[in-house]
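Participant: Coordinates in query.csv, CSV, C-alpha atoms and all ligand atoms, are listed below.
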chain,number,residue,atom,x,y,z
A,584,MET,CA,-10.2,-12.0,18.0
A,585,ARG,CA,-11.7,-14.2,15.2
A,586,ILE,CA,-8.9,-15.1,12.8
A,587,SER,CA,-8.8,-17.0,9.5
A,588,VAL,CA,-5.5,-18.4,8.2
A,589,VAL,CA,-5.3,-19.2,4.4
A,590,GLY,CA,-2.8,-22.0,3.7
A,591,THR,CA,-2.3,-24.7,6.4
A,592,GLY,CA,1.3,-25.7,5.7
A,593,TYR,CA,4.2,-25.3,8.0
A,594,VAL,CA,3.7,-21.5,8.6
A,595,GLY,CA,-0.1,-21.5,8.5
A,596,LEU,CA,-0.6,-24.4,10.9
A,597,ILE,CA,1.9,-23.0,13.5
A,598,THR,CA,0.4,-19.5,13.2
A,599,GLY,CA,-3.1,-20.9,13.6
A,600,VAL,CA,-2.4,-23.2,16.5
A,601,GLY,CA,-0.2,-20.6,18.2
A,602,LEU,CA,-2.8,-17.9,18.0
A,603,ALA,CA,-5.6,-20.3,19.2
A,604,SER,CA,-3.4,-21.2,22.2
A,605,LYS,CA,-3.4,-17.5,23.1
A,606,GLY,CA,-7.2,-17.5,23.2
A,607,HIS,CA,-8.1,-16.4,19.7
A,608,GLU,CA,-10.7,-18.2,17.7
A,609,VAL,CA,-8.9,-19.5,14.6
A,610,THR,CA,-10.0,-21.2,11.4
A,611,CYS,CA,-7.3,-22.6,9.2
A,612,VAL,CA,-8.1,-23.0,5.5
A,613,ASP,CA,-6.5,-25.3,2.9
A,614,VAL,CA,-7.4,-26.8,-0.5
A,615,ILE,CA,-6.4,-30.3,0.5
A,616,GLN,CA,-9.2,-32.4,2.0
A,617,GLU,CA,-6.9,-35.0,3.6
A,618,LYS,CA,-4.9,-32.3,5.3
A,619,VAL,CA,-8.0,-30.7,6.7
A,620,ASP,CA,-9.4,-34.0,8.0
A,621,GLN,CA,-6.1,-35.0,9.5
A,622,ILE,CA,-5.7,-31.7,11.4
A,623,ASN,CA,-9.3,-31.8,12.7
A,624,LYS,CA,-8.5,-35.3,14.1
A,625,GLY,CA,-5.6,-33.7,16.1
A,626,GLU,CA,-2.8,-35.1,13.9
A,627,SER,CA,-0.3,-32.6,12.6
A,628,PRO,CA,0.9,-33.3,9.1
A,629,ILE,CA,4.3,-31.9,10.0
A,630,TYR,CA,6.5,-32.6,13.0
A,631,GLU,CA,7.5,-29.8,15.3
A,632,GLU,CA,8.2,-30.1,19.0
A,633,GLY,CA,5.0,-29.4,21.0
A,634,LEU,CA,2.8,-28.9,18.0
A,635,ASP,CA,0.7,-32.2,18.3
A,636,GLU,CA,0.0,-31.5,22.0
A,637,LEU,CA,-1.0,-27.8,21.3
A,638,LEU,CA,-3.2,-28.8,18.4
A,639,LYS,CA,-5.1,-31.4,20.5
A,640,LYS,CA,-5.5,-28.8,23.3
A,641,VAL,CA,-6.9,-26.0,21.0
A,642,LEU,CA,-9.2,-28.5,19.3
A,643,ALA,CA,-10.6,-29.7,22.6
A,644,LYS,CA,-11.1,-26.1,23.7
A,645,LYS,CA,-13.0,-25.4,20.5
A,646,LYS,CA,-10.7,-22.5,19.7
A,647,PHE,CA,-9.4,-24.0,16.5
A,648,THR,CA,-10.7,-25.8,13.4
A,649,ALA,CA,-9.6,-26.5,9.9
A,650,THR,CA,-11.8,-26.2,6.8
A,651,LEU,CA,-11.9,-26.1,3.0
A,652,ASP,CA,-14.4,-23.2,3.1
A,653,LEU,CA,-12.3,-20.0,2.6
A,654,LYS,CA,-15.3,-17.8,2.1
A,655,LYS,CA,-17.1,-18.6,5.3
A,656,SER,CA,-13.8,-18.4,7.2
A,657,VAL,CA,-13.2,-14.8,5.9
A,658,LEU,CA,-16.8,-13.8,6.5
A,659,ASP,CA,-16.7,-15.1,10.1
A,660,SER,CA,-13.4,-13.5,11.0
A,661,GLU,CA,-12.0,-10.0,11.5
A,662,LEU,CA,-8.5,-10.8,10.3
A,663,THR,CA,-7.0,-13.1,7.6
A,664,PHE,CA,-3.4,-14.3,7.5
A,665,MET,CA,-2.1,-15.2,4.0
A,666,CYS,CA,0.2,-18.2,4.5
A,667,VAL,CA,0.3,-20.0,1.1
A,668,GLY,CA,3.5,-21.2,-0.5
A,669,THR,CA,5.7,-19.1,-2.7
A,670,PRO,CA,8.0,-21.6,-4.5
A,671,THR,CA,10.7,-20.9,-7.1
A,672,LYS,CA,10.0,-21.1,-10.8
A,673,ASP,CA,12.5,-22.8,-13.3
A,674,ASP,CA,14.0,-19.3,-14.1
A,675,GLY,CA,14.7,-18.6,-10.5
A,676,SER,CA,11.9,-16.1,-10.1
A,677,ILE,CA,9.1,-16.5,-7.4
A,678,ASP,CA,5.9,-18.3,-8.3
A,679,LEU,CA,3.0,-16.1,-7.1
A,680,SER,CA,0.2,-18.3,-8.5
A,681,TYR,CA,-1.0,-19.4,-5.0
A,682,ILE,CA,-0.9,-15.8,-3.7
A,683,LYS,CA,-2.9,-14.7,-6.7
A,684,SER,CA,-5.5,-17.4,-6.4
A,685,ALA,CA,-5.9,-17.1,-2.6
A,686,GLY,CA,-6.0,-13.3,-3.0
A,687,LYS,CA,-8.8,-13.6,-5.5
A,688,SER,CA,-10.9,-15.7,-3.1
A,689,ILE,CA,-10.2,-13.4,-0.2
A,690,GLY,CA,-11.2,-10.4,-2.3
A,691,GLU,CA,-14.4,-12.0,-3.4
A,692,SER,CA,-15.3,-12.7,0.2
A,693,LEU,CA,-14.4,-9.1,1.3
A,694,LYS,CA,-17.0,-8.0,-1.3
A,695,GLU,CA,-19.7,-9.5,0.9
A,696,LYS,CA,-18.4,-8.0,4.2
A,697,SER,CA,-19.6,-4.8,5.7
A,698,ASP,CA,-17.2,-4.7,8.7
A,699,TYR,CA,-13.6,-3.5,8.5
A,700,HIS,CA,-11.3,-6.5,7.8
A,701,VAL,CA,-7.5,-6.8,7.9
A,702,VAL,CA,-5.5,-9.0,5.6
A,703,ILE,CA,-1.9,-9.9,6.7
A,704,MET,CA,0.6,-11.3,4.3
A,705,LYS,CA,2.8,-13.8,6.1
A,706,SER,CA,4.1,-15.7,3.0
A,707,THR,CA,7.6,-14.7,2.0
A,708,VAL,CA,7.2,-12.4,-1.0
A,709,LEU,CA,9.6,-10.1,-2.8
A,710,PRO,CA,9.6,-6.3,-2.0
A,711,GLY,CA,6.6,-4.7,-3.7
A,712,THR,CA,4.5,-7.8,-4.0
A,713,THR,CA,1.9,-7.0,-1.4
A,714,GLU,CA,1.4,-3.5,-2.8
A,715,ASP,CA,1.7,-4.3,-6.5
A,716,VAL,CA,0.1,-7.8,-6.7
A,717,LEU,CA,-2.0,-8.6,-3.7
A,718,ILE,CA,-3.7,-5.2,-3.1
A,719,PRO,CA,-4.8,-4.7,-6.7
A,720,ILE,CA,-6.3,-8.2,-6.7
A,721,LEU,CA,-8.1,-7.6,-3.4
A,722,GLU,CA,-9.4,-4.2,-4.6
A,723,LYS,CA,-10.5,-5.6,-7.9
A,724,GLU,CA,-12.4,-8.5,-6.5
A,725,SER,CA,-13.9,-6.7,-3.5
A,726,GLY,CA,-14.7,-3.4,-5.2
A,727,LYS,CA,-13.2,-1.8,-2.1
A,728,LYS,CA,-10.3,0.4,-1.3
A,729,ALA,CA,-7.3,-0.9,0.7
A,730,GLY,CA,-6.3,1.3,3.6
A,731,LYS,CA,-9.8,2.7,3.8
A,732,ASP,CA,-12.4,-0.1,3.5
A,733,PHE,CA,-10.0,-2.9,4.6
A,734,GLY,CA,-6.5,-3.0,6.0
A,735,VAL,CA,-3.3,-4.6,4.8
A,736,CYS,CA,-0.2,-5.6,6.7
A,737,MET,CA,2.9,-7.7,6.0
A,738,THR,CA,4.4,-9.6,8.9
A,739,PRO,CA,7.3,-11.8,7.8
A,740,GLU,CA,7.8,-15.1,9.7
A,741,PHE,CA,11.2,-16.0,11.1
A,742,LEU,CA,10.5,-19.5,12.5
A,743,ARG,CA,13.4,-21.9,13.0
A,744,GLU,CA,12.7,-25.5,11.9
A,745,GLY,CA,12.6,-27.7,15.0
A,746,ARG,CA,11.8,-24.8,17.3
A,747,ALA,CA,8.9,-23.2,15.3
A,748,VAL,CA,6.3,-23.4,18.1
A,749,GLU,CA,8.6,-21.9,20.7
A,750,ASP,CA,9.7,-19.2,18.1
A,751,PHE,CA,6.1,-18.4,17.3
A,752,LEU,CA,5.0,-18.0,20.9
A,753,ASN,CA,8.2,-16.1,22.0
A,754,PRO,CA,9.7,-14.4,18.9
A,755,ASP,CA,12.8,-12.3,19.5
A,756,ARG,CA,11.5,-9.7,17.1
A,757,VAL,CA,8.3,-8.7,15.4
A,758,ILE,CA,8.3,-6.8,12.1
A,759,ILE,CA,5.1,-5.2,11.0
A,760,GLY,CA,4.8,-3.6,7.6
A,761,ALA,CA,1.5,-1.7,7.6
A,762,LEU,CA,-0.5,0.1,4.9
A,763,ASP,CA,-2.7,2.0,7.3
A,764,GLU,CA,-3.0,3.0,11.0
A,765,ALA,CA,-6.0,0.9,11.8
A,766,SER,CA,-4.5,-2.4,10.5
A,767,LYS,CA,-1.1,-1.5,12.2
A,768,LYS,CA,-3.0,-1.4,15.5
A,769,VAL,CA,-4.6,-4.8,14.9
A,770,ALA,CA,-1.3,-6.4,13.9
A,771,LYS,CA,0.4,-5.0,17.0
A,772,GLN,CA,-2.4,-6.2,19.2
A,773,ILE,CA,-2.2,-9.8,17.7
A,774,HIS,CA,1.6,-10.0,18.2
A,775,GLU,CA,1.7,-8.3,21.6
A,776,THR,CA,3.8,-10.1,24.3
A,777,LYS,CA,6.5,-8.9,26.6
A,778,ASP,CA,10.2,-8.5,26.1
A,779,LYS,CA,10.4,-8.4,22.4
A,780,GLN,CA,11.6,-6.0,19.8
A,781,PHE,CA,9.0,-4.4,17.6
A,782,LEU,CA,9.7,-2.6,14.3
A,783,VAL,CA,6.9,-1.0,12.3
A,784,THR,CA,7.7,-0.2,8.7
A,785,ASN,CA,5.9,0.1,5.4
A,786,LEU,CA,4.9,-3.0,3.4
A,787,ARG,CA,7.9,-3.3,1.1
A,788,THR,CA,10.5,-2.7,3.9
A,789,ALA,CA,9.0,-5.6,5.9
A,790,GLU,CA,9.2,-7.8,2.8
A,791,MET,CA,12.9,-6.8,2.3
A,792,ILE,CA,13.8,-7.4,5.9
A,793,LYS,CA,12.8,-11.1,5.5
A,794,TYR,CA,14.9,-11.6,2.3
A,795,ALA,CA,17.9,-9.5,3.7
A,796,SER,CA,17.9,-11.6,6.9
A,797,ASN,CA,17.8,-15.0,5.0
A,798,ALA,CA,20.4,-13.8,2.5
A,799,PHE,CA,22.7,-12.6,5.3
A,800,LEU,CA,22.5,-15.9,7.2
A,801,ALA,CA,23.1,-17.9,4.0
A,802,THR,CA,26.1,-15.7,3.3
A,803,LYS,CA,27.5,-16.3,6.8
A,804,ILE,CA,27.3,-20.1,6.3
A,805,SER,CA,28.9,-19.8,2.8
A,806,PHE,CA,31.6,-17.4,4.1
A,807,ILE,CA,32.8,-19.8,6.9
A,808,ASN,CA,32.8,-22.6,4.4
A,809,GLU,CA,35.0,-20.6,2.0
A,810,ILE,CA,37.3,-19.7,4.9
A,811,GLY,CA,37.3,-23.5,5.7
A,812,ASN,CA,38.6,-24.3,2.2
A,813,VAL,CA,41.6,-22.0,2.8
A,814,CYS,CA,42.1,-23.3,6.3
A,815,LYS,CA,42.3,-26.9,4.9
A,816,ARG,CA,45.2,-25.9,2.6
A,817,LEU,CA,47.0,-24.2,5.5
A,818,ASN,CA,46.4,-27.0,8.0
A,819,ILE,CA,44.3,-24.8,10.3
A,820,ASP,CA,41.2,-26.1,12.3
A,821,THR,CA,38.3,-24.0,10.9
A,822,THR,CA,36.1,-24.8,13.9
A,823,GLN,CA,38.7,-23.0,16.1
A,824,VAL,CA,38.7,-20.0,13.7
A,825,ALA,CA,34.9,-19.9,13.8
A,826,LYS,CA,34.9,-20.1,17.6
A,827,GLY,CA,37.4,-17.2,17.8
A,828,MET,CA,35.4,-15.1,15.3
A,829,GLY,CA,32.1,-15.9,17.1
A,830,MET,CA,33.4,-14.5,20.4
A,831,ASP,CA,33.1,-11.1,18.9
A,832,HIS,CA,29.6,-9.9,19.6
A,833,ARG,CA,29.5,-8.0,16.3
A,834,ILE,CA,29.9,-11.3,14.4
A,835,SER,CA,28.3,-13.8,16.8
A,836,LYS,CA,28.8,-17.6,16.8
A,837,HIS,CA,25.4,-18.3,15.1
A,838,PHE,CA,25.4,-19.7,11.5
A,839,LEU,CA,29.2,-19.8,11.6
A,840,ARG,CA,29.7,-23.5,11.7
A,841,PRO,CA,31.6,-25.0,8.7
A,842,GLY,CA,29.7,-27.8,7.1
A,843,LEU,CA,27.7,-28.9,4.0
A,844,GLY,CA,26.5,-25.4,3.2
A,845,PHE,CA,23.0,-23.9,3.5
A,846,GLY,CA,19.8,-25.8,2.6
A,847,GLY,CA,16.3,-26.3,3.8
A,848,SER,CA,13.0,-25.1,2.4
A,849,CYS,CA,13.7,-21.3,2.6
A,850,PHE,CA,17.3,-20.3,2.2
A,851,PRO,CA,17.9,-21.6,-1.4
A,852,LYS,CA,14.6,-20.3,-2.7
A,853,ASP,CA,14.7,-16.9,-1.0
A,854,VAL,CA,18.4,-16.3,-2.0
A,855,GLN,CA,17.5,-17.3,-5.6
A,856,ALA,CA,14.4,-15.0,-5.7
A,857,ILE,CA,16.2,-11.9,-4.4
A,858,ILE,CA,19.2,-12.5,-6.8
A,859,THR,CA,16.7,-12.7,-9.7
A,860,GLN,CA,14.9,-9.5,-8.6
A,861,ALA,CA,18.2,-7.7,-8.2
A,862,LYS,CA,19.2,-8.8,-11.8
A,863,MET,CA,15.9,-7.5,-13.1
A,864,ILE,CA,16.5,-4.1,-11.5
A,865,LEU,CA,20.0,-4.0,-13.0
A,866,ILE,CA,18.6,-4.8,-16.5
A,867,MET,CA,16.0,-2.1,-16.2
A,868,ILE,CA,18.7,0.5,-15.2
A,869,LEU,CA,20.9,-0.6,-18.1
A,870,MET,CA,17.9,-0.3,-20.5
A,871,PHE,CA,17.0,3.1,-19.1
A,872,LEU,CA,20.6,4.3,-19.6
A,873,ASN,CA,20.5,2.8,-23.1
A,874,LEU,CA,23.6,0.6,-22.4
B,901,LIG,N1,8.6,-23.3,6.1
B,901,LIG,C1,9.3,-22.4,6.7
B,901,LIG,O1,10.2,-22.7,7.6
B,901,LIG,C2,9.0,-20.9,6.5
B,901,LIG,C3,9.4,-20.0,7.4
B,901,LIG,C4,9.1,-18.6,7.2
B,901,LIG,C5,8.4,-18.3,6.1
B,901,LIG,N2,8.0,-19.2,5.2
B,901,LIG,C6,7.2,-18.8,4.0
B,901,LIG,O2,5.8,-19.0,4.3
B,901,LIG,C7,5.1,-19.3,3.2
B,901,LIG,C8,4.4,-20.7,3.4
B,901,LIG,O3,5.4,-21.6,3.6
B,901,LIG,P1,5.0,-23.1,4.1
B,901,LIG,O4,6.3,-23.8,4.3
B,901,LIG,O5,4.0,-23.1,5.2
B,901,LIG,O6,4.3,-23.6,2.7
B,901,LIG,P2,3.5,-25.1,2.5
B,901,LIG,O7,3.7,-25.3,1.0
B,901,LIG,O8,4.0,-26.0,3.5
B,901,LIG,O9,2.0,-24.7,2.8
B,901,LIG,C9,1.2,-24.0,1.9
B,901,LIG,C10,-0.2,-24.5,2.1
B,901,LIG,O10,-1.1,-23.6,1.4
B,901,LIG,C11,-2.1,-24.4,0.8
B,901,LIG,N3,-2.8,-23.6,-0.3
B,901,LIG,C12,-2.4,-23.3,-1.5
B,901,LIG,N4,-3.3,-22.5,-2.2
B,901,LIG,C13,-4.3,-22.3,-1.3
B,901,LIG,C14,-5.5,-21.6,-1.4
B,901,LIG,N5,-5.9,-21.0,-2.5
B,901,LIG,N6,-6.3,-21.6,-0.3
B,901,LIG,C15,-6.0,-22.3,0.9
B,901,LIG,N7,-4.8,-23.0,1.0
B,901,LIG,C16,-4.0,-23.0,-0.1
B,901,LIG,C17,-1.4,-25.6,0.3
B,901,LIG,O11,-2.3,-26.7,0.1
B,901,LIG,C18,-0.4,-25.9,1.4
B,901,LIG,O12,-1.0,-26.8,2.4
B,901,LIG,C19,6.1,-19.4,2.0
B,901,LIG,O13,6.1,-18.1,1.4
B,901,LIG,C20,7.4,-19.6,2.7
B,901,LIG,O14,8.5,-19.1,2.0
B,901,LIG,C21,8.2,-20.6,5.4
What would the structure in this file look like if it were written as structure tokens?
Ligand SMILES: NC(=O)c1ccc[n+]([C@@H]2O[C@H](COP(=O)([O-])OP(=O)(O)OC[C@H]3O[C@@H](n4cnc5c(N)ncnc54)[C@H](O)[C@@H]3O)[C@@H](O)[C@H]2O)c1

Facilitator:
Amino acid sequence: MRISVVGTGYVGLITGVGLASKGHEVTCVDVIQEKVDQINKGESPIYEEGLDELLKKVLAKKKFTATLDLKKSVLDSELTFMCVGTPTKDDGSIDLSYIKSAGKSIGESLKEKSDYHVVIMKSTVLPGTTEDVLIPILEKESGKKAGKDFGVCMTPEFLREGRAVEDFLNPDRVIIGALDEASKKVAKQIHETKDKQFLVTNLRTAEMIKYASNAFLATKISFINEIGNVCKRLNIDTTQVAKGMGMDHRISKHFLRPGLGFGGSCFPKDVQAIITQAKMILIMILMFLNL
């Protein structure tokens, strides 16, 4: 399949190189010239085990290229992944400016396409964003109808830093949120490999699965740290407590190690974004009830 990937950061580059290694023809798009040049030279801007080797391999096989030309990439492909960043704003809400601007450019390109095209949201966005923000932009700019003239899916990414290439090539689960049957078929085909769990949902459920997963893991880390604070006072070794808890398969040992707390590029921003959305919902309910 011919695939374009918009946003060549951590997720976009691994998605692009991973799909190219499976035989697809991939073009990764970014707005930063230096990044595009560096990637085309076979140098990954990020470090992930196995990524440099795989990048060089797919470039040599001419299965992969990076470019600044979004329009040509969309016109020359059948499927576009949206992988731009979704940082946090000062008020804790999610900044959708990259999604909106990339969505506008994808929509303008779709206007010139006669073939059916699928757009897959891979960026982490709050429940309702693909339906209420991306689709209206794509429809407005293309003059076409989502679910009829072009397809839309949402496939959240669950890469672990340090093992991202391995996770992309052999994920333990694939969640596909789909607007329409035709795009669901395309998304399933792209993610098809053996021994993995598939779940097909609607768009907003797929978006929520990503946030609920990250919030749950962050909670698990915070929980064992809180237990650790109590243990310290009682002269109990928290690592032994965590080990004993983790032996229960309903709990599991993962993300149950006492330490500094959660961090990284996703957990803090995703937890903050879902809290802010939940607060907004609560305010709307209170206003509705006139309280
Ligand atoms: N980093 C992770 O571990 C991880 C894991 C799962 C999901 N996610 C989510 O995936 C999304 C992307 O994350 P990331 O870490 O790859 O972000 P990133 O900031 O590393 O990369 C985003 C890239 O998009 C480019 N970009 C911005 N606007 C563009 C446009 N209009 N056209 C083309 N390129 C454009 C930027 O220049 C940048 O290179 C986020 O929503 C993030 O929350 C990240």

Participant: Using only C-alpha atoms and all ligand atoms, which of A:Ile819, A:Met828, A:Met665, A:Leu658 sits nearest ligand LIG 901 (chain B)?

Facilitator: A:Met665

Participant: So how far away is atom C16 of ligand LIG 901 (chain B) from atom CA of Leu651 of chain A, in Å?

Facilitator: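 These atoms are spaced 9.0 Å apart.
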
Participant: Mind listing whatever residues come within 12 Å of the point (8.9, -6.7, -2.9)? Use all atoms listed in the file, file coordinates, and give them as a VMD selection string.

Facilitator: chain A and resid 677 679 704 706 to 717 737 739 760 785 to 795 853 856 to 857 859 to 861 864

Participant: Residues of chain A that have any atom at most 8 Å from an atom of ligand LIG 901 (chain B): could you tabulate them with the shortest-distance atom pair and the distance in Å to one decimal, using only C-alpha atoms and all ligand atoms, ordered by chain and increasing number, as a tab-separated table?

Facilitator:
residue	atom	partner	partner_atom	distance
A:Val589	CA	B:LIG901	C15	4.7
A:Gly590	CA	B:LIG901	O10	3.3
A:Thr591	CA	B:LIG901	O12	4.7
A:Gly592	CA	B:LIG901	O9	3.1
A:Tyr593	CA	B:LIG901	O5	3.6
A:Val594	CA	B:LIG901	O5	3.8
A:Gly595	CA	B:LIG901	O5	5.5
A:Leu596	CA	B:LIG901	O5	7.4
A:Val612	CA	B:LIG901	C15	5.1
A:Asp613	CA	B:LIG901	N7	3.4
A:Val614	CA	B:LIG901	N7	4.8
A:Ile615	CA	B:LIG901	O11	5.5
A:Lys618	CA	B:LIG901	O12	7.3
A:Leu651	CA	B:LIG901	C15	7.3
A:Leu653	CA	B:LIG901	N6	6.9
A:Cys666	CA	B:LIG901	C8	5.0
A:Val667	CA	B:LIG901	O10	3.9
A:Gly668	CA	B:LIG901	C19	4.0
A:Thr669	CA	B:LIG901	O13	4.2
A:Pro670	CA	B:LIG901	O14	7.0
A:Tyr681	CA	B:LIG901	N4	4.8
A:Ile682	CA	B:LIG901	N4	7.3
A:Ser684	CA	B:LIG901	N5	5.3
A:Ala685	CA	B:LIG901	N5	3.9
A:Gly686	CA	B:LIG901	N5	7.7
A:Ser688	CA	B:LIG901	N5	7.3
A:Lys705	CA	B:LIG901	O2	6.3
A:Ser706	CA	B:LIG901	O13	3.5
A:Thr707	CA	B:LIG901	O13	3.8
A:Val708	CA	B:LIG901	O13	6.3
A:Pro739	CA	B:LIG901	C5	6.8
A:Glu740	CA	B:LIG901	C4	4.5
A:Phe741	CA	B:LIG901	C4	5.1
A:Leu742	CA	B:LIG901	C3	5.2
A:Arg743	CA	B:LIG901	O1	6.3
A:Glu744	CA	B:LIG901	O1	5.7
A:Ala747	CA	B:LIG901	O1	7.8
A:Ser848	CA	B:LIG901	N1	6.0
A:Cys849	CA	B:LIG901	O14	5.7
A:Lys852	CA	B:LIG901	O14	7.8
A:Asp853	CA	B:LIG901	O14	7.2

Participant: Please determine the residues with any atom at most 12 Å from (-4.1, 1.9, 11.9) (coordinates as given in the file, with all atoms listed in the file counting) and report them as number ranges by chain.

Facilitator: A: 699-701, 729-736, 759-772, 783

Participant: Within 10 Å of Gln616 of chain A, counting all atoms listed in the file, which residues qualify if same-chain residues fewer than 3 places away don't, as a list in words?

Facilitator: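 Final neighbour list, sorted by chain and number: Asp613, Val619, Asp620, Gln621, Ala649, Thr650 and Leu651 of chain A.
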
Participant: I need the residue nearest Met584 of chain A from this list: A:Asp659, A:Glu632, A:Glu809, A:Asp673. Use only C-alpha atoms for the distance.

Facilitator: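 Going through A:Asp659, A:Glu632, A:Glu809, A:Asp673 one by one, the smallest distance to Met584 of chain A is for A:Asp659.
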
Participant: Please compute the atom CA of Ser796 of chain A-atom CA of Lys672 of chain A distance, one decimal, in Å.

Facilitator: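 So the answer is 21.6 Å.
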
Participant: Under the rule that only C-alpha atoms are counted, which of A:Ser805, A:Asn812, A:Thr610, A:Ser660 is the nearest residue to Gly846 of chain A?

Facilitator: A:Ser805

Participant: Hey, which of A:Lys655, A:Lys640, A:His837, A:Lys683 ends up closest to Phe799 of chain A? Count all atoms listed in the file.

Facilitator: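 Checking each candidate against Phe799 of chain A, we get A:His837 as the closest.
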
Participant: Could you check how far atom CA of Gly811 of chain A sits from atom CA of Pro841 of chain A, in Å to one decimal?

Facilitator: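 Atom CA of Pro841 of chain A lies at a distance of 6.6 Å from atom CA of Gly811 of chain A.
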
Participant: Residues within 7 Å of Gly599 of chain A, please, as a list in words. Count all atoms listed in the file; anything in the same chain fewer than 3 positions from it doesn't count.

Facilitator: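 These residues fall inside the cut-off: Val588, Gly595, Leu596, Leu602, Ala603, Val609 and Cys611 of chain A.
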
Participant: Using only C-alpha atoms for the distances, tell me which of A:Ser676, A:Phe838, A:Leu782, A:Ile689 is nearest to Asp652 of chain A.

Facilitator: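 Residue with the minimum atom-to-atom distance to Asp652 of chain A: A:Ile689.
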
Participant: Neighbours of Ala825 of chain A within 12 Å (only C-alpha atoms; same-chain residues fewer than 2 positions away dropped), as a PDB file with C-alpha atoms, keeping the file's coordinate frame?

Facilitator:
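Wrote out-v4.pdb, looks like this:
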ATOM      1  CA  LYS A 803      27.500 -16.300   6.800  1.00  0.00           C
ATOM      2  CA  ILE A 804      27.300 -20.100   6.300  1.00  0.00           C
ATOM      3  CA  PHE A 806      31.600 -17.400   4.100  1.00  0.00           C
ATOM      4  CA  ILE A 807      32.800 -19.800   6.900  1.00  0.00           C
ATOM      5  CA  ASN A 808      32.800 -22.600   4.400  1.00  0.00           C
ATOM      6  CA  GLU A 809      35.000 -20.600   2.000  1.00  0.00           C
ATOM      7  CA  ILE A 810      37.300 -19.700   4.900  1.00  0.00           C
ATOM      8  CA  GLY A 811      37.300 -23.500   5.700  1.00  0.00           C
ATOM      9  CA  CYS A 814      42.100 -23.300   6.300  1.00  0.00           C
ATOM     10  CA  ILE A 819      44.300 -24.800  10.300  1.00  0.00           C
ATOM     11  CA  ASP A 820      41.200 -26.100  12.300  1.00  0.00           C
ATOM     12  CA  THR A 821      38.300 -24.000  10.900  1.00  0.00           C
ATOM     13  CA  THR A 822      36.100 -24.800  13.900  1.00  0.00           C
ATOM     14  CA  GLN A 823      38.700 -23.000  16.100  1.00  0.00           C
ATOM     15  CA  GLY A 827      37.400 -17.200  17.800  1.00  0.00           C
ATOM     16  CA  MET A 828      35.400 -15.100  15.300  1.00  0.00           C
ATOM     17  CA  GLY A 829      32.100 -15.900  17.100  1.00  0.00           C
ATOM     18  CA  MET A 830      33.400 -14.500  20.400  1.00  0.00           C
ATOM     19  CA  ASP A 831      33.100 -11.100  18.900  1.00  0.00           C
ATOM     20  CA  ILE A 834      29.900 -11.300  14.400  1.00  0.00           C
ATOM     21  CA  SER A 835      28.300 -13.800  16.800  1.00  0.00           C
ATOM     22  CA  LYS A 836      28.800 -17.600  16.800  1.00  0.00           C
ATOM     23  CA  HIS A 837      25.400 -18.300  15.100  1.00  0.00           C
ATOM     24  CA  PHE A 838      25.400 -19.700  11.500  1.00  0.00           C
ATOM     25  CA  LEU A 839      29.200 -19.800  11.600  1.00  0.00           C
ATOM     26  CA  ARG A 840      29.700 -23.500  11.700  1.00  0.00           C
ATOM     27  CA  PRO A 841      31.600 -25.000   8.700  1.00  0.00           C
ATOM     28  CA  GLY A 842      29.700 -27.800   7.100  1.00  0.00           C
TER      29      GLY A 842
END

Participant: Kindly write segment 643-650 of chain A with N, CA, C and O atoms to a file, as a PDB file, in the first residue's frame.

Facilitator:
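Printed below is result.pdb as written:
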ATOM      1  N   ALA A 643      17.422   2.170   1.513  1.00  0.00           N
ATOM      2  CA  ALA A 643      18.170   1.470   0.463  1.00  0.00           C
ATOM      3  C   ALA A 643      17.228   0.714  -0.474  1.00  0.00           C
ATOM      4  O   ALA A 643      17.463   0.649  -1.677  1.00  0.00           O
ATOM      5  N   LYS A 644      16.159   0.185   0.094  1.00  0.00           N
ATOM      6  CA  LYS A 644      15.183  -0.568  -0.723  1.00  0.00           C
ATOM      7  C   LYS A 644      14.217   0.359  -1.461  1.00  0.00           C
ATOM      8  O   LYS A 644      13.302  -0.096  -2.135  1.00  0.00           O
ATOM      9  N   LYS A 645      14.375   1.669  -1.246  1.00  0.00           N
ATOM     10  CA  LYS A 645      13.519   2.698  -1.840  1.00  0.00           C
ATOM     11  C   LYS A 645      12.043   2.522  -1.460  1.00  0.00           C
ATOM     12  O   LYS A 645      11.138   2.805  -2.245  1.00  0.00           O
ATOM     13  N   LYS A 646      11.820   2.051  -0.243  1.00  0.00           N
ATOM     14  CA  LYS A 646      10.455   1.882   0.268  1.00  0.00           C
ATOM     15  C   LYS A 646      10.038   3.074   1.117  1.00  0.00           C
ATOM     16  O   LYS A 646       8.901   3.175   1.558  1.00  0.00           O
ATOM     17  N   PHE A 647      11.010   3.954   1.411  1.00  0.00           N
ATOM     18  CA  PHE A 647      10.762   5.022   2.369  1.00  0.00           C
ATOM     19  C   PHE A 647      11.455   6.302   1.953  1.00  0.00           C
ATOM     20  O   PHE A 647      12.592   6.281   1.479  1.00  0.00           O
ATOM     21  N   THR A 648      10.751   7.435   2.147  1.00  0.00           N
ATOM     22  CA  THR A 648      11.400   8.726   1.948  1.00  0.00           C
ATOM     23  C   THR A 648      10.768   9.754   2.880  1.00  0.00           C
ATOM     24  O   THR A 648       9.631   9.582   3.311  1.00  0.00           O
ATOM     25  N   ALA A 649      11.508  10.813   3.178  1.00  0.00           N
ATOM     26  CA  ALA A 649      10.944  11.911   3.977  1.00  0.00           C
ATOM     27  C   ALA A 649      10.865  13.147   3.100  1.00  0.00           C
ATOM     28  O   ALA A 649      11.679  13.319   2.191  1.00  0.00           O
ATOM     29  N   THR A 650       9.869  14.006   3.357  1.00  0.00           N
ATOM     30  CA  THR A 650       9.654  15.175   2.503  1.00  0.00           C
ATOM     31  C   THR A 650       8.963  16.306   3.257  1.00  0.00           C
ATOM     32  O   THR A 650       8.404  16.083   4.334  1.00  0.00           O
TER      33      THR A 650
END
